[in-house]
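Below is coords.cif, holding mmCIF, C-alpha atoms.
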data_query
#
loop_
_atom_site.label_atom_id
_atom_site.label_comp_id
_atom_site.auth_asym_id
_atom_site.auth_seq_id
_atom_site.Cartn_x
_atom_site.Cartn_y
_atom_site.Cartn_z
CA MET A 21 45.76 -33.02 24.15
CA HIS A 22 44.08 -29.61 23.98
CA ILE A 23 45.07 -27.78 20.80
CA SER A 24 46.34 -24.72 22.72
CA ALA A 25 48.73 -26.85 24.75
CA TRP A 26 49.85 -28.62 21.60
CA LEU A 27 50.62 -25.30 19.89
CA ALA A 28 52.28 -23.83 22.94
CA ARG A 29 54.99 -26.45 22.99
CA ALA A 30 55.77 -26.08 19.27
CA PRO A 31 58.06 -23.08 18.79
CA ARG A 32 61.68 -23.16 19.78
CA VAL A 33 62.75 -19.59 20.38
CA ARG A 34 66.28 -18.43 19.64
CA PRO A 35 68.22 -16.27 22.08
CA PHE A 36 68.79 -12.64 21.16
CA PRO A 37 71.36 -11.46 20.23
CA ALA A 38 72.47 -14.69 18.59
CA PRO A 39 75.97 -16.09 19.26
CA PHE A 40 78.43 -13.88 17.43
CA SER A 41 80.73 -16.76 16.48
CA VAL A 42 78.41 -17.90 13.72
CA ARG A 43 77.66 -14.37 12.55
CA PHE A 44 79.35 -11.39 11.04
CA PRO A 45 83.01 -11.14 12.12
CA PHE A 46 82.49 -9.28 15.35
CA GLY A 47 85.46 -6.97 14.99
CA LEU A 48 83.69 -5.45 11.98
CA SER A 49 80.27 -5.21 13.61
CA PRO A 50 80.77 -1.82 15.31
CA ALA A 51 82.10 -0.40 12.02
CA LEU A 52 79.03 -1.69 10.17
CA PHE A 53 76.80 -0.31 12.91
CA TRP A 54 78.30 3.18 12.67
CA ILE A 55 78.13 3.20 8.85
CA CYS A 56 74.43 2.30 9.08
CA ALA A 57 73.85 4.89 11.81
CA ALA A 58 75.63 7.64 9.85
CA ALA A 59 73.69 6.87 6.65
CA ALA A 60 70.39 6.82 8.53
CA LEU A 61 71.26 10.07 10.33
CA VAL A 62 72.07 11.94 7.11
CA ALA A 63 68.96 10.65 5.33
CA GLN A 64 66.63 11.29 8.28
CA ALA A 65 68.07 14.81 8.66
CA ALA A 66 67.28 15.46 4.99
CA LEU A 67 63.71 14.25 5.51
CA LEU A 68 63.28 16.46 8.57
CA ARG A 69 64.69 19.43 6.68
CA SER A 70 62.06 18.88 3.99
CA ALA A 71 59.35 18.76 6.64
CA PHE A 72 60.43 21.95 8.41
CA ALA A 73 61.20 23.86 5.19
CA PRO A 74 58.71 22.39 2.72
CA ARG A 75 59.29 22.87 -0.99
CA SER A 76 56.71 22.39 -3.70
CA ASP A 77 56.85 22.74 -7.47
CA VAL A 78 53.26 21.69 -8.12
CA ALA A 79 51.28 24.00 -10.38
CA PRO A 80 48.37 25.51 -8.38
CA GLU A 81 45.77 24.05 -10.75
CA ARG A 82 47.15 20.53 -10.14
CA ALA A 83 47.78 20.75 -6.40
CA VAL A 84 45.50 18.87 -3.99
CA VAL A 85 44.57 20.64 -0.76
CA VAL A 86 46.10 19.34 2.48
CA SER A 87 43.61 19.56 5.33
CA SER A 88 45.85 18.52 8.21
CA SER A 89 47.50 21.18 10.39
CA ARG A 90 51.13 22.25 10.10
CA PHE A 91 51.78 20.89 13.58
CA ALA A 92 50.40 17.49 12.59
CA GLU A 93 52.55 17.45 9.44
CA LEU A 94 55.65 18.13 11.54
CA ALA A 95 54.64 15.50 14.10
CA TRP A 96 54.28 12.88 11.37
CA SER A 97 57.84 13.63 10.31
CA VAL A 98 59.35 13.69 13.78
CA LEU A 99 57.73 10.50 15.11
CA PRO A 100 59.49 8.09 12.70
CA ALA A 101 62.78 9.92 13.33
CA LEU A 102 62.40 9.33 17.07
CA ALA A 103 61.59 5.65 16.51
CA LEU A 104 64.61 5.32 14.26
CA ALA A 105 66.91 7.01 16.78
CA GLY A 106 65.54 4.82 19.58
CA THR A 107 66.17 1.69 17.54
CA PHE A 108 69.80 2.59 16.88
CA VAL A 109 70.37 3.43 20.55
CA TRP A 110 68.75 0.17 21.62
CA ALA A 111 70.86 -1.78 19.14
CA TRP A 112 74.05 -0.17 20.40
CA THR A 113 73.23 -0.86 24.06
CA LEU A 114 72.84 -4.54 23.16
CA MET A 115 76.04 -4.59 21.11
CA ARG A 116 78.24 -2.61 23.51
CA PRO A 117 78.91 -5.35 26.13
CA ALA A 118 79.93 -7.80 23.40
CA ALA A 119 82.01 -5.16 21.64
CA GLY A 120 83.79 -4.37 24.90
CA ALA A 121 84.46 -8.06 25.58
CA SER A 122 86.03 -8.56 22.16
CA MET B 13 29.12 3.83 -11.04
CA SER B 14 30.68 3.66 -14.48
CA ALA B 15 28.90 1.98 -17.38
CA SER B 16 31.95 -0.07 -18.34
CA ALA B 17 32.21 -1.42 -14.81
CA VAL B 18 28.59 -2.56 -14.75
CA ASP B 19 28.99 -4.30 -18.11
CA VAL B 20 31.55 -6.73 -16.73
CA ALA B 21 30.02 -7.06 -13.27
CA PRO B 22 27.55 -9.99 -13.39
CA THR B 23 30.00 -12.54 -14.85
CA VAL B 24 32.01 -12.92 -11.63
CA PRO B 25 30.78 -15.57 -9.13
CA PHE B 26 29.99 -14.40 -5.59
CA TRP B 27 32.79 -16.33 -3.89
CA ARG B 28 35.29 -14.64 -6.18
CA VAL B 29 33.87 -11.25 -5.23
CA LEU B 30 34.50 -12.10 -1.55
CA ILE B 31 38.08 -13.11 -2.35
CA GLU B 32 38.49 -9.92 -4.39
CA LEU B 33 37.40 -7.84 -1.37
CA THR B 34 40.39 -9.15 0.57
CA LYS B 35 42.90 -8.01 -2.13
CA PRO B 36 44.71 -11.38 -2.24
CA ARG B 37 47.66 -10.16 -4.31
CA ILE B 38 48.58 -7.56 -1.69
CA ILE B 39 48.09 -10.05 1.14
CA SER B 40 50.48 -12.57 -0.42
CA LEU B 41 53.38 -10.17 0.28
CA LEU B 42 52.09 -9.49 3.80
CA LEU B 43 52.08 -13.22 4.47
CA VAL B 44 55.71 -13.54 3.36
CA THR B 45 56.62 -10.77 5.81
CA THR B 46 54.67 -12.62 8.51
CA ALA B 47 56.04 -16.12 7.89
CA ALA B 48 59.74 -15.30 7.46
CA PRO B 49 60.12 -13.63 10.88
CA MET B 50 58.63 -16.76 12.47
CA TYR B 51 61.63 -18.72 11.16
CA VAL B 52 64.05 -16.00 12.23
CA ALA B 53 62.58 -16.09 15.74
CA GLY B 54 62.61 -19.85 16.15
CA SER B 55 61.26 -23.09 14.77
CA PRO B 56 57.49 -22.89 14.51
CA SER B 57 55.43 -25.99 13.85
CA TRP B 58 53.50 -26.28 10.59
CA THR B 59 50.28 -26.01 12.60
CA LEU B 60 51.32 -22.73 14.18
CA LEU B 61 52.44 -21.41 10.81
CA LEU B 62 49.12 -22.39 9.24
CA ILE B 63 47.06 -20.75 12.00
CA VAL B 64 49.08 -17.52 11.83
CA MET B 65 48.78 -17.47 8.02
CA VAL B 66 45.01 -18.01 8.07
CA GLY B 67 44.56 -15.50 10.91
CA GLY B 68 46.80 -13.00 9.16
CA TYR B 69 44.93 -13.42 5.88
CA LEU B 70 41.56 -12.91 7.56
CA MET B 71 42.76 -9.81 9.44
CA ALA B 72 44.40 -8.18 6.42
CA GLY B 73 41.49 -9.24 4.19
CA GLY B 74 39.02 -7.75 6.65
CA ALA B 75 40.98 -4.49 6.71
CA ASN B 76 41.02 -4.39 2.91
CA ALA B 77 37.26 -4.96 2.73
CA VAL B 78 36.56 -2.20 5.27
CA ASN B 79 38.94 0.04 3.29
CA MET B 80 36.82 -0.57 0.18
CA TYR B 81 33.71 0.36 2.18
CA VAL B 82 35.23 3.61 3.49
CA ASP B 83 36.69 4.58 0.10
CA ARG B 84 33.57 3.71 -1.90
CA ASP B 85 32.95 7.38 -2.74
CA ILE B 86 36.35 7.90 -4.38
CA ASP B 87 36.94 4.44 -5.86
CA ASP B 88 34.58 5.23 -8.73
CA HIS B 89 36.72 8.25 -9.69
CA MET B 90 39.91 6.28 -10.18
CA ALA B 91 40.55 3.93 -13.11
CA ARG B 92 42.62 1.69 -10.83
CA THR B 93 39.75 1.09 -8.38
CA ARG B 94 36.64 1.52 -10.57
CA LEU B 95 36.10 -2.22 -10.97
CA ARG B 96 36.12 -2.97 -7.25
CA PRO B 97 32.98 -4.76 -5.99
CA ILE B 98 31.19 -1.67 -4.58
CA PRO B 99 31.70 0.84 -7.45
CA SER B 100 31.00 -1.87 -10.03
CA GLY B 101 27.74 -2.74 -8.26
CA ARG B 102 28.61 -6.36 -7.54
CA MET B 103 28.15 -6.07 -3.79
CA ALA B 104 26.25 -3.70 -1.51
CA ALA B 105 28.34 -1.42 0.70
CA PRO B 106 26.86 -2.58 4.07
CA ALA B 107 27.53 -6.22 3.12
CA VAL B 108 31.16 -5.37 2.36
CA LEU B 109 31.49 -3.68 5.76
CA ALA B 110 29.91 -6.67 7.53
CA PHE B 111 32.21 -9.06 5.68
CA GLY B 112 35.28 -7.04 6.68
CA ILE B 113 34.30 -6.87 10.34
CA ALA B 114 33.45 -10.59 10.38
CA CYS B 115 36.87 -11.47 8.95
CA ALA B 116 38.67 -9.30 11.52
CA THR B 117 36.62 -10.72 14.38
CA ALA B 118 37.30 -14.29 13.30
CA ALA B 119 41.02 -13.52 12.97
CA THR B 120 41.20 -11.94 16.43
CA TRP B 121 39.48 -14.93 18.04
CA MET B 122 41.62 -17.42 16.13
CA LEU B 123 44.95 -15.77 16.97
CA ALA B 124 44.04 -15.15 20.63
CA ALA B 125 42.70 -18.67 21.18
CA PHE B 126 45.33 -20.69 19.34
CA VAL B 127 48.48 -18.52 19.30
CA ASN B 128 48.65 -15.83 22.01
CA VAL B 129 46.94 -12.61 23.02
CA LEU B 130 49.90 -10.41 21.99
CA THR B 131 49.76 -11.78 18.44
CA ALA B 132 46.01 -11.14 18.26
CA ALA B 133 46.44 -7.62 19.68
CA LEU B 134 49.18 -6.77 17.17
CA ALA B 135 47.16 -8.08 14.24
CA LEU B 136 44.15 -6.07 15.44
CA GLY B 137 46.45 -3.04 15.85
CA GLY B 138 47.39 -3.38 12.18
CA PHE B 139 43.69 -3.54 11.27
CA TYR B 140 42.86 -0.36 13.23
CA CYS B 141 45.93 1.42 11.87
CA TYR B 142 44.92 0.66 8.28
CA VAL B 143 41.22 1.41 8.67
CA PHE B 144 41.29 4.41 11.01
CA VAL B 145 44.74 6.02 10.83
CA TYR B 146 45.35 5.52 7.10
CA THR B 147 41.98 5.17 5.36
CA ARG B 148 39.72 7.32 7.55
CA TRP B 149 42.16 9.94 8.77
CA LEU B 150 45.35 10.55 6.82
CA LYS B 151 44.64 9.34 3.30
CA ARG B 152 42.56 12.39 2.43
CA ALA B 153 44.24 14.84 4.80
CA SER B 154 48.02 14.66 4.52
CA PRO B 155 50.83 13.86 2.06
CA GLN B 156 52.33 11.87 4.95
CA ASN B 157 49.43 9.39 4.52
CA ILE B 158 51.71 6.78 3.00
CA VAL B 159 54.47 7.28 5.59
CA ILE B 160 52.37 7.00 8.75
CA GLY B 161 49.67 4.83 7.21
CA GLY B 162 52.45 2.54 6.07
CA ALA B 163 52.81 1.47 9.68
CA ALA B 164 49.73 -0.70 9.11
CA GLY B 165 51.64 -2.79 6.59
CA ALA B 166 54.54 -3.08 9.02
CA PHE B 167 52.51 -5.00 11.62
CA PRO B 168 52.70 -8.45 9.93
CA PRO B 169 56.40 -9.03 10.81
CA LEU B 170 55.56 -8.17 14.43
CA VAL B 171 52.66 -10.61 14.32
CA GLY B 172 54.92 -13.40 13.05
CA TRP B 173 57.59 -12.57 15.60
CA ALA B 174 55.17 -12.44 18.53
CA ALA B 175 53.51 -15.69 17.46
CA VAL B 176 56.78 -17.54 18.08
CA THR B 177 58.41 -15.57 20.89
CA GLY B 178 55.36 -14.17 22.72
CA GLU B 179 57.16 -10.82 23.04
CA ILE B 180 58.54 -7.89 21.04
CA ASN B 181 62.27 -7.23 21.18
CA LEU B 182 64.77 -5.24 19.11
CA MET B 183 64.67 -7.64 16.18
CA GLY B 184 60.87 -7.40 16.08
CA LEU B 185 61.10 -3.60 16.07
CA LEU B 186 63.73 -3.71 13.32
CA LEU B 187 61.48 -5.85 11.14
CA PHE B 188 58.64 -3.37 11.71
CA LEU B 189 60.85 -0.43 10.73
CA ILE B 190 62.17 -2.20 7.63
CA VAL B 191 58.65 -2.49 6.21
CA PHE B 192 57.78 1.01 7.48
CA TYR B 193 60.70 2.63 5.60
CA TRP B 194 60.14 0.43 2.53
CA THR B 195 56.59 1.72 2.11
CA PRO B 196 57.21 5.33 0.89
CA PRO B 197 59.52 4.49 -2.04
CA HIS B 198 57.20 1.65 -3.04
CA PHE B 199 53.89 3.50 -2.93
CA TRP B 200 55.19 6.86 -4.09
CA ALA B 201 56.43 5.17 -7.26
CA LEU B 202 52.78 4.22 -7.87
CA ALA B 203 51.57 7.64 -6.77
CA LEU B 204 53.88 9.27 -9.34
CA LEU B 205 52.38 7.09 -12.05
CA LYS B 206 48.75 7.53 -10.97
CA GLN B 207 48.79 11.26 -10.20
CA ARG B 208 45.80 12.01 -12.42
CA ASP B 209 43.70 9.40 -10.63
CA TYR B 210 44.60 10.72 -7.20
CA GLN B 211 44.01 14.29 -8.32
CA LYS B 212 40.51 13.44 -9.55
CA ALA B 213 39.74 11.75 -6.23
CA GLY B 214 41.23 14.65 -4.23
CA VAL B 215 43.74 12.46 -2.41
CA PRO B 216 46.79 14.54 -1.35
CA MET B 217 49.49 12.11 -2.42
CA ALA B 218 53.04 13.44 -2.14
CA PRO B 219 53.54 14.21 -5.88
CA LEU B 220 50.38 16.36 -5.84
CA VAL B 221 51.45 18.34 -2.76
CA TRP B 222 55.24 18.49 -2.82
CA GLY B 223 55.73 17.85 -6.53
CA GLU B 224 57.63 15.19 -8.44
CA ARG B 225 61.12 16.46 -7.64
CA GLU B 226 60.62 16.52 -3.86
CA THR B 227 58.81 13.17 -3.86
CA MET B 228 61.64 11.54 -5.80
CA ALA B 229 64.21 13.09 -3.44
CA GLN B 230 62.37 11.78 -0.40
CA MET B 231 62.11 8.32 -2.00
CA ARG B 232 65.93 8.31 -2.19
CA TRP B 233 66.32 9.26 1.48
CA TYR B 234 63.81 6.66 2.62
CA THR B 235 65.66 4.03 0.59
CA VAL B 236 68.99 5.01 2.20
CA ILE B 237 67.45 4.54 5.66
CA LEU B 238 65.90 1.26 4.52
CA LEU B 239 69.28 -0.02 3.39
CA ALA B 240 70.85 1.00 6.73
CA LEU B 241 68.08 -0.70 8.69
CA THR B 242 68.33 -3.93 6.70
CA LEU B 243 72.06 -4.15 7.51
CA LEU B 244 71.61 -3.41 11.20
CA PRO B 245 70.63 -7.03 12.12
CA VAL B 246 73.98 -8.12 10.66
CA ALA B 247 75.85 -5.63 12.84
CA THR B 248 73.99 -6.74 15.96
CA GLY B 249 74.67 -10.39 15.17
CA SER B 250 70.99 -11.27 14.81
CA LEU B 251 71.43 -12.35 11.19
CA GLY B 252 74.44 -13.64 9.30
CA ILE B 253 76.49 -13.25 6.16
CA LEU B 254 74.00 -14.87 3.75
CA TYR B 255 71.31 -12.41 4.76
CA GLY B 256 73.80 -9.52 4.86
CA ALA B 257 75.00 -10.15 1.31
CA SER B 258 71.40 -10.47 0.09
CA ALA B 259 70.33 -7.27 1.85
CA LEU B 260 73.29 -5.39 0.39
CA VAL B 261 72.76 -6.56 -3.21
CA LEU B 262 68.97 -6.26 -3.16
CA GLY B 263 69.14 -2.87 -1.44
CA ALA B 264 71.81 -1.51 -3.78
CA LEU B 265 69.62 -2.46 -6.75
CA LEU B 266 66.62 -0.68 -5.21
CA LEU B 267 68.72 2.39 -4.47
CA TRP B 268 69.98 2.41 -8.07
CA GLY B 269 66.39 2.20 -9.32
CA VAL B 270 65.20 5.03 -7.08
CA TRP B 271 68.23 7.18 -7.98
CA ARG B 272 67.30 6.95 -11.66
CA LEU B 273 64.06 8.81 -10.94
CA THR B 274 64.45 12.44 -11.84
CA PRO B 275 61.98 14.90 -13.35
CA GLU B 276 64.60 15.99 -15.91
CA ARG B 277 64.44 12.63 -17.68
CA GLU B 278 61.63 10.32 -18.76
CA TRP B 279 60.73 8.65 -15.48
CA THR B 280 57.60 6.57 -16.23
CA ALA B 281 59.46 3.34 -17.00
CA PRO B 282 61.90 3.74 -14.08
CA ALA B 283 58.97 4.42 -11.73
CA TRP B 284 57.22 1.24 -12.88
CA TRP B 285 60.49 -0.60 -12.37
CA VAL B 286 60.82 0.71 -8.81
CA TYR B 287 57.20 -0.17 -8.01
CA LYS B 288 57.52 -3.74 -9.27
CA TYR B 289 61.06 -4.38 -8.09
CA SER B 290 60.30 -3.10 -4.58
CA LEU B 291 57.66 -5.83 -4.25
CA LEU B 292 60.20 -8.46 -5.24
CA TYR B 293 62.81 -6.79 -3.04
CA LEU B 294 60.75 -7.09 0.14
CA ALA B 295 59.77 -10.69 -0.54
CA LEU B 296 63.36 -11.75 -1.30
CA LEU B 297 64.74 -9.85 1.69
CA PHE B 298 62.43 -11.67 4.07
CA VAL B 299 63.07 -15.03 2.41
CA ALA B 300 66.81 -14.37 2.83
CA MET B 301 66.23 -13.76 6.55
CA ALA B 302 64.49 -17.08 6.97
CA LEU B 303 67.11 -18.94 4.89
CA ASP B 304 69.93 -17.32 6.84
CA GLU B 305 68.66 -19.07 9.96
CA ARG B 306 68.74 -22.42 8.19
CA ILE B 307 71.98 -22.09 6.19
CA ARG B 308 74.62 -20.56 8.40
CA LEU B 309 77.77 -19.44 6.61
#

Could you rewrite the structure in this file as structure tokens?
Amino acid sequence: MHISAWLARAPRVRPFPAPFSVRFPFGLSPALFWICAAAALVAQAALLRSAFAPRSDVAPERAVVVSSSRFAELAWSVLPALALAGTFVWAWTLMRPAAGAS
Amino acid sequence: MSASAVDVAPTVPFWRVLIELTKPRIISLLLVTTAAPMYVAGSPSWTLLLIVMVGGYLMAGGANAVNMYVDRDIDDHMARTRLRPIPSGRMAAPAVLAFGIACATAATWMLAAFVNVLTAALALGGFYCYVFVYTRWLKRASPQNIVIGGAAGAFPPLVGWAAVTGEINLMGLLLFLIVFYWTPPHFWALALLKQRDYQKAGVPMAPLVWGERETMAQMRWYTVILLALTLLPVATGSLGILYGASALVLGALLLWGVWRLTPEREWTAPAWWVYKYSLLYLALLFVAMALDERIRL
């Protein structure tokens, strides 16, 4: 048998999301989700605040020059925040039907 | 080139220099974060696991070698990197570049031919992210170098996931983000400790731009997000109680370590603790994921 065909048959892929019966008690899942979302929101907001209102206590003789633009610095802060928000929204859209059913 | 570096150079055999170019100690953690998601995603054969591990090693090793080529001008200024093959004169820069590209090419072919094209593309994406986005672009330009450049180190879980499933879904993205948000507290702990080195090399690491207080504060916030992200797979039902308990305990310990960092107190020992423990943390977290799939509570 060709090695590619041999490899292709190997993995058994699990469904996603996995069956809730063998997982976290589902009644508590939305609560855990919202605790995680709230913690992430507060922390990400603090990081964005630092990006938009930068603070520095580095002595001028020690500081290293940053050559990227202010816009780029802000973009590098906003991009992960957007990815994080998208992930939480995506997670909730997958959880919501099961949460409603329970 | 430093005199002390040259003194020790000729004693190392050539094959060990090639291994050294790949930074094997760093790759060992990357391989854990590649292998564990494969067992979360399904039941890969030993052959598939072996091919993904070898391909992953070659890709990451190639990226590390090219990184040494690009950074050859500053490596000699830092005590931590002075003994690397190029600054110590053990290998010529063009040969290091050729070795890195050859490794990456072999890895791309191997993963595309024997696993799937998505896996090869993701691994190559990690290579480009590390070489071009981190090393060439952001490392010397922005204090966000570790944050955005850290995405390169977050590709291995995606590679492992795609090798088994042939696609990227929410769980794959979560694994990516876990490593992404783990990177700043881990590397900034080292950056705090090696400030003098980075200053000499002119690398704008966070402590040299924002200062120690702000860097430590941001490490705390990144760790809070990391903890939230690691518990999210439990909420969605993707992973179970065993993993959830592990993520909570391991994460709480990391948060405690990061919270101890404050410029008002002696922070060198706590920073070393965070740097070393965060390595163990990531490895154990991913092992717990894989075990959770095998031992269901």

Using the chain letters and numbers from the file, give me the residues hit by the PyMOL selection byres ((chain B and resi 148-163) around 8), as a ChimeraX atom specification.
/A:86-88,93,96-97 /B:82,138,141-147,164-167,188,191-193,195-196,199-200,214-218,221

Could you work out how far CA of Val236 (chain B) lies from CA of Gly269 (chain B), giving the answer in Å with one decimal?
12.1 Å

Under the rule that only C-alpha atoms are counted, which of B:Met183, B:Met90, B:Leu273, B:Leu41 is the nearest residue to Trp285 (chain B)?
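Counting only C-alpha atoms, the residue closest to Trp285 (chain B) is B:Leu273.
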
The distance between CA of Thr107 (chain A) and CA of Ile55 (chain A) is 14.9 Å

Evaluate the PyMOL selection byres ((chain B and resi 223) around 10) and record the selected residues as a list in words, following the chain and residue labels used in the document.
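With the PyMOL selection byres ((chain B and resi 223) around 10) on this model, the match is Arg75, Ser76, Asp77, Val78, Ala79, Arg82 and Ala83 of chain A; Leu204, Met217, Ala218, Pro219, Leu220, Val221, Trp222, Glu224, Arg225, Glu226, Thr227, Met228 and Pro275 of chain B.
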
Of the candidates A:Val109, A:Leu94, A:Leu52, A:Ala101, which one gets nearest to chain B if we count all atoms listed in the file?
A:Leu52

Give the answer as one residue: which of B:Ile253, B:Leu61, B:Met103, B:Met50 has the shortest atom-to-atom distance to chain A, using all atoms listed in the file?
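When distances to chain A are compared using all atoms listed in the file, the smallest one comes from B:Ile253.
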
Residues within 10 Å of Ala283 (chain B), please, as a PyMOL selection string. Count all atoms listed in the file; anything in the same chain fewer than 3 positions from it doesn't count.
chain B and resi 197-198+200-205+228+269-270+272-274+278-280+286-289

Would you work out the distance separating CA of Gly47 (chain A) from CA of Glu305 (chain B), expressed in Å to one decimal?
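We find that CA of Gly47 (chain A) and CA of Glu305 (chain B) lie 21.3 Å from each other.
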
Spatial neighbours of region 110-121 of chain B, 8 Å, all atoms listed in the file, chain gap at least 5 places, as a list in words:
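What passes the distance filter is Val66, Gly67, Gly68, Leu70, Met71, Ala72, Gly73, Gly74, Ala75, Asn76, Ala77, Val78, Ala132, Ala133, Ala135, Leu136 and Phe139 of chain B.
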
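Nearest to Ala111 (chain A) of all the residues A:Ala57, A:Ala95, A:Ala71, A:Ala65 is A:Ala57, counting only C-alpha atoms.
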
Would you list the contacts of Ala59 (chain A) as a ChimeraX atom specification, taking every protein, DNA or RNA residue within 10 Å and counting only C-alpha atoms, but skipping same-chain residues closer than 4 positions in sequence?
/A:54-55,63-65 /B:233,236-241

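Nearest residue to chain B among A:Val62, A:Val84, A:Leu68, A:Leu99 is A:Val84, counting all atoms listed in the file.
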
For Arg102 (chain B), the nearest of the candidates B:Leu170, B:Leu30, B:Val52, B:Ala124, counting all atoms listed in the file
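Under the stated criterion, the closest residue is B:Leu30.
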
Using the chain letters and numbers from the file, give me the residues hit by the PyMOL selection byres ((chain A and resi 112) around 12), as a count of residues only.
30

Can you tell me, as a PyMOL selection string, what residues are no more than 8 Å from Gly172 (chain B) when counting all atoms listed in the file, ignoring any on the same chain fewer than 5 positions away?
chain B and resi 45-50+64+131

Nearby residues (all atoms listed in the file) at most 9 Å from Leu43 (chain B), same-chain spacing under 6 positions excluded, as a PyMOL selection string
chain B and resi 65+68-69+168-169

How big is the axis-aligned box around all listed atoms of region 163-172 of chain B once 8 Å goes on each side, and where's its centre, in Å to one decimal, as lines of an AutoDock Vina configuration file?
center_x = 53.1
center_y = -6.0
center_z = 10.5
size_x = 22.7
size_y = 30.9
size_z = 23.8
